[in-house]
Amino acid sequence: MSRVRFSAGGAGGPRGGGLRGADPPLGGRRTGAVPLRALAWAATILAALTMAAPFLWMALTSLMGQLEVFSYPPRLLPETARFENYVGALTAQPFGRFFLNSLVFATCVVSGQLLTAATAGYAFARLEFRGRERLFLLFLSTMMVPTVVVLIPRFLMIDRLGWVDTYQGIASTELVSVWGIFLMRQYFRTVPTELEDAARIDGAGPWRIFWSVSLPLARPALATLGLFAFIDAWKNLLWPLLATRSMDMRVVEVGIASFHGTYEVNWPYQMAAGVTAVLPILVLFLFTQRYFVRGIQMEGFR
Amino acid sequence: MSAALPVKRPLAAASFVMLGLALAAGVGLCFAAVRAAQDEILSAETGSGVELWARGGDAALGRFLPGRFGTTASVQAGLDRPVIRDGRGYAALYDVDGWDVLGGLTVTPGEGSGTTAPTWLLALVVLSSVALVQAARLWTARSARWRGAALAALALAAALGTATAWAHGRLVAATDARLARAGAALAAAGISPDGSLDGPGSVDGGAVARLTGLPLLLRQSDGAVGATTLLPATAAELAAPSSPPPPRVRVGSVPWALADHGPYRLVMTPLEHTRSPLAAVVAVALAGMLLAGLPATLVPLADTPRALRRNLRAWGFLAPATAHLAVFTLGPLAFGAWLSLHRWNLVDAAHPFVGLGNYAALASDRSFWRAMANTAVFTLHVPVAMAIALCFALLAHGRTKAFLAVRAALFLPSITSLVAIAMVWQWILNDDYGILNWLLGLVGLGPVRWLTSPSTALLSVMLLSTWMVVGYQMVIFQAGLAAIPRELYEAARIDGAGAWRRFRHVTLPGLRHTLFFVLVTSTIGSFQIFGAVYVMTEGGPLGATDVAVYHIYKEAWEFLRFGSAAAQSWVLFAVIFTVTWLHFRILERRAEGTAVSPRRVPPGHGVAR
Amino acid sequence: MSARAHRPGPLLVLVPLLASCGAREGGTTSLRVLHWAGDVEITAEQRIADLFAQRHPDVRVVVESAVTGYDEKLLTSIASGSPPDVFLLDGPDIPTLLDRGLVLDLTPYLARAGYDPSRVHPQVLESFRRDGRLYALPKDFTPMVLYLNLGAFQRAGVEPPGTEGWSWSNFVSASRLLTSDDDGDGRVDVYAIDFPRSLYQWIPWVWSAGADILSPDGRKATGWLDSERTVDVFRFLTGLVTEERVTPGVQFLETGDPAREARFATGGQAMLLSGHWTLQLLTSNMAADELRIGIAPIPHREGSENTTVLYASGWAVPANAPNRRLSVELAAFLASEEAQRIRASTRLGIPAFTDVAAGVAAEDPTGVERAFLAEAERGRASWGATVRDFYEVEELAFRVMDRYLLRGDALDDAAREVAGDIDRVLAR
């Protein structure tokens, strides 16, 4: 084992030498002509602005008055920025509690999915066993049935277990994601096997190889899965709505939706809550970025 | 091969254990079927039908049901609705207004209640022995493996068939008994001839009998409806003059049991139709086949103990995910399959078995196929979105803070609350003052009726969906890019490859697993598009954006036809499965076959230096 | 074989994680109330529930609110055998749940719970009655009315309609005057009204023309939806878009035009067809004297009477409620005068008790509430309260005018085909 070293990103220290730093697969600062790079930059910024525009407008709307949102002709900037909308929206309901609930729910889901997807994905990608492809297709096929169908029996199950309106109730059904298993399988297939082979020659068992060699190599995929599991849990509306009852167990997304009343819609409040709800995901996204960009470094390997 | 023998023996033993388990499961299921039938009868007796009401609390109860009333304190404390516990039915007894709970009503099942072993058990034993003998041959003649498995399954099915037939018979009898009892209660309660149920007649000094719930009451003479909550058409059909009435009638595939009592006709959904023995038998036969077949598939593994170890090891990795899927996904899916053979509206107790009726009805359901066609068209946005996402991932693949900001901006659409952002999009796509039409106007185009014209609405939803998924896909591509060893680029650069060639020969091959993943999952996901349609167009205008899952959703939750919705889900499933299977057949094989995998890069070009 | 020694147990990690999540309830009786209150209502509803809990120290009231997904939540909880103890019932859900015997007949308990149904507006009560039995206690209700932006009327020099309302021809000529391009840029700046695209909006127009979409027993659409008189209404309404051009057109979604209230409040639209709930939205503008409004009946066809539609919701108790007595008492409290007064402050609906409603109207200086009460007198319960599968009927009926406006089909053909489709639904 001692001869095999690996590290994610620059965390491994200076030994990486000249290989450190990611180059864009296209272009790259050493080769690209200046006009071409400028053009690429312009395109990138334009794309980013276009993509973010609806969100920006949403953020602006959150500062408007109730009827101002739909004033005609439409206006981009609020007459006066009403930051009190944020205070109003976040105190209209106990949003602090909602955020906590969403966080607990999402954390349970993320840890569950990371564990199950990493192990199962590894088995499908790296281990030989009978009926592997068929079992994988069976796994995959569970993705293909609309959730409308599984919603009722799942609710009946947690109801029988007495888990309605509890964290284990909303989280237990979401601990496995076939999407995540598939992601990990594909990723493990991408990662070169040399390190594992070396570890095997060194006499490491499969669990040890998985845990100390393969898993660290799969950090970008784990980060992706963790991020997406978090987002999915965070944005999940229907299941937490069904599986919880009290205000104390309500999650953020349900809170946002409830600004959309049967008779009235409080747009600015809804937008304000919507903007606030994006922030935790954004922070997580920025945090996970380090795993994507730096990639894997291998050294001292022969 | 000499190593094979010692392992083979314990495996054979394991196989026998497996078979035994299969048979035990069958027997258990038989008992469960009988037990369930009894519970159903009990719940029918306690939950509805004739309710007996008593004034004056426990003292009156003794007179009412001598020797029958006796519950533990815990049961009494929790007794607020009909329950079945330990083979007895309990119901709350309210005062005459049904206002306060006075006590409880205990019902023990009637004659032949479960303890006596019916004759089918004998048959079961005989059949099981045959199956076991047959299975024993497994080890002498390997070709008989599947015959053994099939026979075991057959034995199971036969046993269960007998059991359910027996249970079915009991349910039939219970239905008839209930109708008779309701008739007697009707007479005893002295309900006024005009069918009014308001004036309770007196029975047995102080006790009052009252009709509640089922069975329903119809007046026979002129076909007019008495105390029912039936649809008028159904009531008229059930009250159609015939004397004596047929015991069982089907109205629009919903079964009814009929009985005449004086001027009244009692109707109810027969108990025996609340369960469908056929489905259970088929399910058990299949399960038995699998269970009994399992040892057979394990046998070849015994030839190589290493293979066995490898398999067990893999299952160690797979166990958590598999167990969870089996409970929380496969279970519900099996329920969905069962549901698609029934008519069920979620709230009615009755869910008649309609066989393939739900599927047959789909064949002529134009709106469903329209939704499927819309879905297929919608899926075409996947490659477009992937191309854009790949461009984004490549463009924004850098380390500096600027790149980070760009990526965050590109990712924003994917993480914003759909409910909230939908309004913004309605504003962007508005015909009159939407920003998109304004932009088109600048270059002398439009205005386009983005969401209000049946011909463009689907396109608009595709646009919105593309906007939403591109960020997701970009992040996955990024993760994929991160896995491509940097040395490959380095090597390519040293070889003098330009940007395009590096993309073509390093990036694309390195990304092929990721590309395949994104393609497959995005296609599956886009076949299940729901949210964007739900919040933006509600399937309109004129069904132009009605997509499969939205259609299914409405069928289930709005129109309360869950059986039909389940059938539609399975049709959709079949389509998605076929498409995915094709993806695997064509694309993954090709990817495996032709692409240069990093691990096969010649020495000096890659990782292995 | 180091593999065996080093085996991280994923499940072992999960178990304590899950066990640490979750909360349990105490020993007192817990009652669950399910409604669809949005953020405006929820404070009032919580206050009412808290009052009940105060008076019953051994009772804990859990208020559950679901705006999106209300039906899903209600129906799954009923299916699982643990329905809420009291829930809100309205519109097309009434027949779905009533006719299936899922709702408790409250008639025997009314006196004991201290609820007097004779105080309720009779047409509202009718929605929740079957064969003389009452199944839900009305919460509040509203008629559909025509809101008038009096400022816009003044600017256009149009006299607002009297209490008897306009006839169609008066309405059209007024609408032409109200529609204007103030700055002469070729774009209309003030529209008269927006096109009533949804059934809930256009049904009072049909009734006010002496027509209907279903036969009186609610069993048949053919001969009604496609009758000459009903198709005339469709012709008239679509004419507002295609001929008169007094509306912004069919530029919004089936879900409704989110901008209509704002347009009305800021003078971009002179009239607005809506219910009482819109008042809540307009209150701040009215208080700031930016907006003066009037209330008028739905315009009627010459020779026909104004008839509008009443939308009501009520508190129901499931048939298998565990705590029947407490549940009924809670429902009665939620529908009581006290609760209605608290709720009236949200201005979302008219209190169900006529005397409470009259009191609220007397306290309103603008006279708007009084006008609403007058309109309620012309009201009739919505079809959804009696026709089973009305969601489907509604969706089909929606298509008649859409097919004409968006696809160019002839109105009478569209009406005939849709009527046939509806008949098939009703015959099921």
# chains A, B, ... in the order shown; residues from 1 in each chain; ligands from 1

call {"tool": "residues_around", "arguments": {"residues": "region 390-396 of chain C", "least_positions_apart": "3", "cutoff": "10 Å", "atoms": "only C-alpha atoms", "output": "ChimeraX atom specification"}}
result
/B:542,554-555,558-559 /C:91-93,95-96,198-200,213-214,221,383-387,399-400,415,417-419,421-426

call {"tool": "residues_around", "arguments": {"residues": "region 358-375 of chain B", "least_positions_apart": "2", "cutoff": "8 Å", "atoms": "only C-alpha atoms", "output": "PyMOL selection string"}}
result
chain B and resi 340-343+354-356+377-379+458+526-527+529+543-548+551+563-564+567-568+572

call {"tool": "write_last_selection", "arguments": {"atoms": "N, CA and C atoms", "output": "short mmCIF file (atom, residue, chain, number, x, y, z; two decimals), in the first residue's frame"}}
result
data_model
loop_
_atom_site.label_atom_id
_atom_site.label_comp_id
_atom_site.auth_asym_id
_atom_site.auth_seq_id
_atom_site.Cartn_x
_atom_site.Cartn_y
_atom_site.Cartn_z
N SER B 340 -53.19 -2.09 -11.43
CA SER B 340 -53.57 -1.89 -12.83
C SER B 340 -54.60 -2.93 -13.27
N LEU B 341 -54.79 -3.96 -12.46
CA LEU B 341 -55.79 -4.98 -12.81
C LEU B 341 -57.11 -4.73 -12.08
N HIS B 342 -57.17 -3.61 -11.37
CA HIS B 342 -58.36 -3.33 -10.59
C HIS B 342 -58.92 -1.96 -10.93
N ARG B 343 -60.12 -1.77 -10.49
CA ARG B 343 -60.68 -0.43 -10.56
C ARG B 343 -60.69 0.11 -9.13
N VAL B 354 -60.71 -6.08 -12.54
CA VAL B 354 -61.22 -5.90 -13.90
C VAL B 354 -60.31 -6.57 -14.93
N GLY B 355 -59.35 -7.38 -14.46
CA GLY B 355 -58.47 -8.07 -15.40
C GLY B 355 -57.65 -7.07 -16.19
N LEU B 356 -57.62 -7.29 -17.50
CA LEU B 356 -56.86 -6.39 -18.35
C LEU B 356 -57.72 -5.24 -18.86
N VAL B 377 -42.09 13.57 -28.54
CA VAL B 377 -41.57 14.79 -29.15
C VAL B 377 -40.74 15.56 -28.13
N PHE B 378 -41.26 15.62 -26.95
CA PHE B 378 -40.58 16.37 -25.90
C PHE B 378 -39.17 15.86 -25.67
N THR B 379 -39.03 14.52 -25.75
CA THR B 379 -37.73 13.90 -25.48
C THR B 379 -36.64 14.37 -26.44
N LEU B 458 -45.71 23.21 -26.81
CA LEU B 458 -44.81 22.12 -26.42
C LEU B 458 -43.35 22.56 -26.59
N SER B 526 -36.79 12.64 -19.16
CA SER B 526 -37.64 13.46 -20.01
C SER B 526 -38.92 12.71 -20.39
N PHE B 527 -38.85 11.40 -20.40
CA PHE B 527 -40.09 10.65 -20.61
C PHE B 527 -41.03 10.84 -19.42
N ILE B 529 -41.32 13.76 -17.75
CA ILE B 529 -41.50 15.19 -17.53
C ILE B 529 -42.86 15.43 -16.88
N GLY B 543 -54.67 20.43 -24.92
CA GLY B 543 -53.94 19.17 -24.79
C GLY B 543 -52.59 19.15 -25.50
N ALA B 544 -52.14 20.32 -25.97
CA ALA B 544 -50.89 20.34 -26.74
C ALA B 544 -49.68 19.99 -25.89
N THR B 545 -49.73 20.25 -24.60
CA THR B 545 -48.58 19.92 -23.76
C THR B 545 -48.93 18.84 -22.74
N ASP B 546 -50.00 18.13 -23.01
CA ASP B 546 -50.36 17.03 -22.13
C ASP B 546 -49.35 15.91 -22.35
N VAL B 547 -48.52 15.65 -21.36
CA VAL B 547 -47.50 14.61 -21.49
C VAL B 547 -47.88 13.43 -20.60
N ALA B 548 -47.18 12.30 -20.82
CA ALA B 548 -47.63 11.05 -20.22
C ALA B 548 -47.81 11.14 -18.70
N HIS B 551 -50.61 13.29 -17.63
CA HIS B 551 -51.86 12.59 -17.93
C HIS B 551 -52.16 11.56 -16.84
N GLY B 563 -56.52 2.68 -10.88
CA GLY B 563 -56.24 1.47 -11.65
C GLY B 563 -55.80 1.81 -13.06
N SER B 564 -56.56 2.69 -13.66
CA SER B 564 -56.24 3.10 -15.02
C SER B 564 -54.91 3.83 -15.06
N ALA B 567 -52.19 1.34 -15.01
CA ALA B 567 -52.03 0.69 -16.31
C ALA B 567 -51.25 1.61 -17.26
N GLN B 568 -51.60 2.89 -17.26
CA GLN B 568 -50.89 3.83 -18.12
C GLN B 568 -49.42 3.90 -17.74
N LEU B 572 -46.22 3.24 -20.17
CA LEU B 572 -45.10 4.18 -20.26
C LEU B 572 -43.80 3.48 -19.90
#

call {"tool": "closest_residue", "arguments": {"among": "B:Thr452, B:Thr521, B:Thr175, B:Thr329", "to": "Arg403 (chain C)", "atoms": "only C-alpha atoms"}}
result
B:Thr452

call {"tool": "atom_distance", "arguments": {"atom1": "CA of Met247 (chain A)", "atom2": "CA of Phe87 (chain C)"}}
result
16.2 Å

call {"tool": "closest_residue", "arguments": {"among": "B:Gln426, B:Thr416, B:Thr269, B:Gln528", "to": "chain C", "atoms": "only C-alpha atoms"}}
result
B:Gln426

call {"tool": "select_by_dssp", "arguments": {"residues": "region 169-257 of chain C", "states": "alpha helix (DSSP H)", "output": "ChimeraX atom specification"}}
result
/C:169-178,199-207,228-242

call {"tool": "closest_residue", "arguments": {"among": "B:Ala240, B:Leu464, B:Ala257, B:Val533", "to": "chain C", "atoms": "only C-alpha atoms"}}
result
B:Val533

call {"tool": "select_by_dssp", "arguments": {"residues": "region 304-372 of chain C", "states": "strand (DSSP E)", "output": "JSON, numbers by chain"}}
result
{"C": [308, 309, 310, 311, 312, 313, 314, 315, 316, 350, 351]}

call {"tool": "write_last_selection", "arguments": {"atoms": "N, CA, C and O atoms", "output": "PDB file, in the first residue's frame"}}
result
ATOM      1  N   THR C 308     -75.750  34.539 -10.599  1.00  0.00           N
ATOM      2  CA  THR C 308     -74.322  34.300 -10.465  1.00  0.00           C
ATOM      3  C   THR C 308     -74.098  32.973  -9.769  1.00  0.00           C
ATOM      4  O   THR C 308     -75.044  32.260  -9.423  1.00  0.00           O
ATOM      5  N   VAL C 309     -72.839  32.628  -9.615  1.00  0.00           N
ATOM      6  CA  VAL C 309     -72.511  31.337  -9.022  1.00  0.00           C
ATOM      7  C   VAL C 309     -71.937  31.569  -7.626  1.00  0.00           C
ATOM      8  O   VAL C 309     -71.283  32.575  -7.380  1.00  0.00           O
ATOM      9  N   LEU C 310     -72.242  30.666  -6.716  1.00  0.00           N
ATOM     10  CA  LEU C 310     -71.705  30.749  -5.365  1.00  0.00           C
ATOM     11  C   LEU C 310     -70.669  29.659  -5.166  1.00  0.00           C
ATOM     12  O   LEU C 310     -70.916  28.500  -5.474  1.00  0.00           O
ATOM     13  N   TYR C 311     -69.513  30.063  -4.680  1.00  0.00           N
ATOM     14  CA  TYR C 311     -68.504  29.080  -4.323  1.00  0.00           C
ATOM     15  C   TYR C 311     -68.366  29.069  -2.805  1.00  0.00           C
ATOM     16  O   TYR C 311     -68.214  30.118  -2.185  1.00  0.00           O
ATOM     17  N   ALA C 312     -68.470  27.878  -2.222  1.00  0.00           N
ATOM     18  CA  ALA C 312     -68.435  27.791  -0.767  1.00  0.00           C
ATOM     19  C   ALA C 312     -67.562  26.623  -0.348  1.00  0.00           C
ATOM     20  O   ALA C 312     -67.357  25.674  -1.097  1.00  0.00           O
ATOM     21  N   SER C 313     -67.026  26.708   0.861  1.00  0.00           N
ATOM     22  CA  SER C 313     -66.310  25.560   1.416  1.00  0.00           C
ATOM     23  C   SER C 313     -66.796  25.347   2.845  1.00  0.00           C
ATOM     24  O   SER C 313     -67.302  26.271   3.471  1.00  0.00           O
ATOM     25  N   GLY C 314     -66.653  24.134   3.324  1.00  0.00           N
ATOM     26  CA  GLY C 314     -67.184  23.835   4.651  1.00  0.00           C
ATOM     27  C   GLY C 314     -66.333  22.822   5.393  1.00  0.00           C
ATOM     28  O   GLY C 314     -65.534  22.095   4.805  1.00  0.00           O
ATOM     29  N   TRP C 315     -66.512  22.786   6.698  1.00  0.00           N
ATOM     30  CA  TRP C 315     -65.739  21.871   7.538  1.00  0.00           C
ATOM     31  C   TRP C 315     -66.463  20.538   7.653  1.00  0.00           C
ATOM     32  O   TRP C 315     -67.628  20.493   8.039  1.00  0.00           O
ATOM     33  N   ALA C 316     -65.751  19.473   7.344  1.00  0.00           N
ATOM     34  CA  ALA C 316     -66.356  18.148   7.393  1.00  0.00           C
ATOM     35  C   ALA C 316     -65.565  17.252   8.341  1.00  0.00           C
ATOM     36  O   ALA C 316     -64.403  17.512   8.633  1.00  0.00           O
ATOM     37  N   ILE C 350     -67.196  35.770   2.339  1.00  0.00           N
ATOM     38  CA  ILE C 350     -68.304  36.304   3.117  1.00  0.00           C
ATOM     39  C   ILE C 350     -68.607  35.297   4.218  1.00  0.00           C
ATOM     40  O   ILE C 350     -68.707  34.100   3.943  1.00  0.00           O
ATOM     41  N   PRO C 351     -68.761  35.749   5.466  1.00  0.00           N
ATOM     42  CA  PRO C 351     -69.094  34.800   6.540  1.00  0.00           C
ATOM     43  C   PRO C 351     -70.365  34.026   6.205  1.00  0.00           C
ATOM     44  O   PRO C 351     -71.301  34.579   5.616  1.00  0.00           O
TER      45      PRO C 351
END
